[in-house]
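S.K.: To start, I am sharing the structure in question, which I have written as structure tokens.
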Amino acid sequence: MAAVRLYKRNETFVEKYYKKPMEHEAKSIVAGPSFIQFLNKQFRIQIAAGDIIQFESANVGKYFMFSISGTWDEIIKLQ
């Protein structure tokens, strides 16, 4: 089973930049025009610019940050 994690940006920036992630299990995901509405409904929270979503399946994870323009930008780990 795959996991979808949402990291909400911390509004106060006092201790940590992101709050503890919220997680849901998923069998499949189709990203389309209504993807944001799907995430809002799944997590029962409003997705905003700066929030990070993680897709993880079989120990492989991908991270994406929601931008102010409404796009998802992939975060790539540099070595």
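Following the order of the structure tokens, chains are lettered A, B, ..., residues in each are numbered from 1, and ligands are numbered from 1.
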Could you pull the residues within 12 Å of Val60 in chain A, counting only C-alpha atoms, minus those fewer than 3 positions along the same chain, as a count of residues only?
M.R.: 8
S.K.: Neighbouring residues of range 70-79 of chain A were defined as those with any atom within 12 Å, considering only C-alpha atoms; residues of the same chain fewer than 2 positions away were excluded. Please report them as a list in words.
M.R.: Ala31, Gly32, Pro33, Ser34, Phe35, Ile36, Ile47, Ala48, Ala49, Gly50, Asp51, Ile52, Ile53, Gln54, Phe55, Gly61, Lys62, Tyr63, Phe64, Met65, Phe66, Ser67 and Ile68 of chain A
S.K.: Now that the selection is made, can you save its residues with C-alpha atoms as an mmCIF file, in the first residue's frame?
M.R.:
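For reference, out.cif as written:
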data_model
loop_
_atom_site.group_PDB
_atom_site.id
_atom_site.type_symbol
_atom_site.label_atom_id
_atom_site.label_comp_id
_atom_site.auth_asym_id
_atom_site.auth_seq_id
_atom_site.Cartn_x
_atom_site.Cartn_y
_atom_site.Cartn_z
ATOM 1 C CA ALA A 31 -3.450 13.794 -10.752
ATOM 2 C CA GLY A 32 -5.697 16.022 -12.810
ATOM 3 C CA PRO A 33 -7.513 19.344 -12.617
ATOM 4 C CA SER A 34 -9.422 18.282 -9.476
ATOM 5 C CA PHE A 35 -6.362 16.936 -7.646
ATOM 6 C CA ILE A 36 -6.280 19.830 -5.144
ATOM 7 C CA ILE A 47 -3.805 23.056 0.724
ATOM 8 C CA ALA A 48 -1.822 26.303 0.342
ATOM 9 C CA ALA A 49 1.349 27.511 -1.372
ATOM 10 C CA GLY A 50 4.451 26.189 0.361
ATOM 11 C CA ASP A 51 2.825 22.944 1.504
ATOM 12 C CA ILE A 52 4.682 19.742 0.626
ATOM 13 C CA ILE A 53 3.146 16.448 -0.431
ATOM 14 C CA GLN A 54 5.044 13.174 -0.343
ATOM 15 C CA PHE A 55 4.108 10.071 -2.318
ATOM 16 C CA GLY A 61 9.379 8.577 -2.154
ATOM 17 C CA LYS A 62 8.812 11.708 -4.206
ATOM 18 C CA TYR A 63 8.240 15.166 -2.768
ATOM 19 C CA PHE A 64 6.353 18.042 -4.397
ATOM 20 C CA MET A 65 5.786 21.606 -3.178
ATOM 21 C CA PHE A 66 2.601 23.464 -4.076
ATOM 22 C CA SER A 67 3.517 26.830 -5.574
ATOM 23 C CA ILE A 68 1.657 30.124 -5.466
#
S.K.: How far is it from CA of Lys27 in chain A to CA of Arg5 in chain A, in Å with one decimal?
M.R.: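 Separation between CA of Lys27 in chain A and CA of Arg5 in chain A: 13.8 Å.
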S.K.: What does the distance from CA of Ala26 in chain A to CA of Arg9 in chain A come to in Å, to one decimal?
M.R.: 22.5 Å
S.K.: Pull the strand (DSSP E or B) assignments for chain A out of DSSP run on the backbone, and list those residues as a PDB file with C-alpha atoms, in the first residue's frame.
M.R.:
ATOM      1  CA  ALA A   2       1.240   3.479  -0.818  1.00  0.00           C
ATOM      2  CA  ALA A   3       1.252   6.463   1.514  1.00  0.00           C
ATOM      3  CA  VAL A   4       0.435  10.092   0.818  1.00  0.00           C
ATOM      4  CA  ARG A   5       1.809  12.555   3.372  1.00  0.00           C
ATOM      5  CA  LEU A   6       1.031  16.248   3.603  1.00  0.00           C
ATOM      6  CA  TYR A   7       3.453  18.624   5.325  1.00  0.00           C
ATOM      7  CA  ARG A   9       3.764  24.970   6.446  1.00  0.00           C
ATOM      8  CA  TYR A  18       6.734  22.368   8.803  1.00  0.00           C
ATOM      9  CA  MET A  22      -0.652  14.039   8.019  1.00  0.00           C
ATOM     10  CA  GLU A  23      -0.843  10.668   6.288  1.00  0.00           C
ATOM     11  CA  HIS A  24      -3.357   8.639   4.267  1.00  0.00           C
ATOM     12  CA  GLU A  25      -2.993   5.290   2.550  1.00  0.00           C
ATOM     13  CA  ALA A  26      -3.717   5.133  -1.157  1.00  0.00           C
ATOM     14  CA  ILE A  52       4.682  19.742   0.626  1.00  0.00           C
ATOM     15  CA  ILE A  53       3.146  16.448  -0.431  1.00  0.00           C
ATOM     16  CA  GLN A  54       5.044  13.174  -0.343  1.00  0.00           C
ATOM     17  CA  PHE A  55       4.108  10.071  -2.318  1.00  0.00           C
ATOM     18  CA  GLU A  56       5.753   6.902  -1.015  1.00  0.00           C
ATOM     19  CA  SER A  57       5.466   3.384  -2.371  1.00  0.00           C
ATOM     20  CA  VAL A  60      10.551   5.076  -2.960  1.00  0.00           C
ATOM     21  CA  GLY A  61       9.379   8.577  -2.154  1.00  0.00           C
ATOM     22  CA  LYS A  62       8.812  11.708  -4.206  1.00  0.00           C
ATOM     23  CA  TYR A  63       8.240  15.166  -2.768  1.00  0.00           C
ATOM     24  CA  PHE A  64       6.353  18.042  -4.397  1.00  0.00           C
ATOM     25  CA  MET A  65       5.786  21.606  -3.178  1.00  0.00           C
ATOM     26  CA  PHE A  66       2.601  23.464  -4.076  1.00  0.00           C
ATOM     27  CA  TRP A  72       3.332  21.247  -8.093  1.00  0.00           C
ATOM     28  CA  ASP A  73       7.139  21.527  -8.219  1.00  0.00           C
ATOM     29  CA  GLU A  74       9.172  18.384  -7.589  1.00  0.00           C
ATOM     30  CA  ILE A  75      11.784  18.582  -4.841  1.00  0.00           C
TER      31      ILE A  75
END
S.K.: One decimal, in Å: what's the spacing between CA of Leu39 in chain A and CA of Pro21 in chain A?
M.R.: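 For CA of Leu39 in chain A relative to CA of Pro21 in chain A, the distance reads 13.6 Å.
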S.K.: Restricting the calculation to only C-alpha atoms: of A:Ser69, A:Arg44, A:Ala58, A:Lys8, which residue gets closest to Lys20 in chain A?
M.R.: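 With only C-alpha atoms as the atom set, the closest residue is A:Lys8.
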S.K.: List every residue of chain A that DSSP, applied to the backbone of this structure, assigns to alpha helix (DSSP H), and report them as a ChimeraX atom specification.
M.R.: /A:35-43
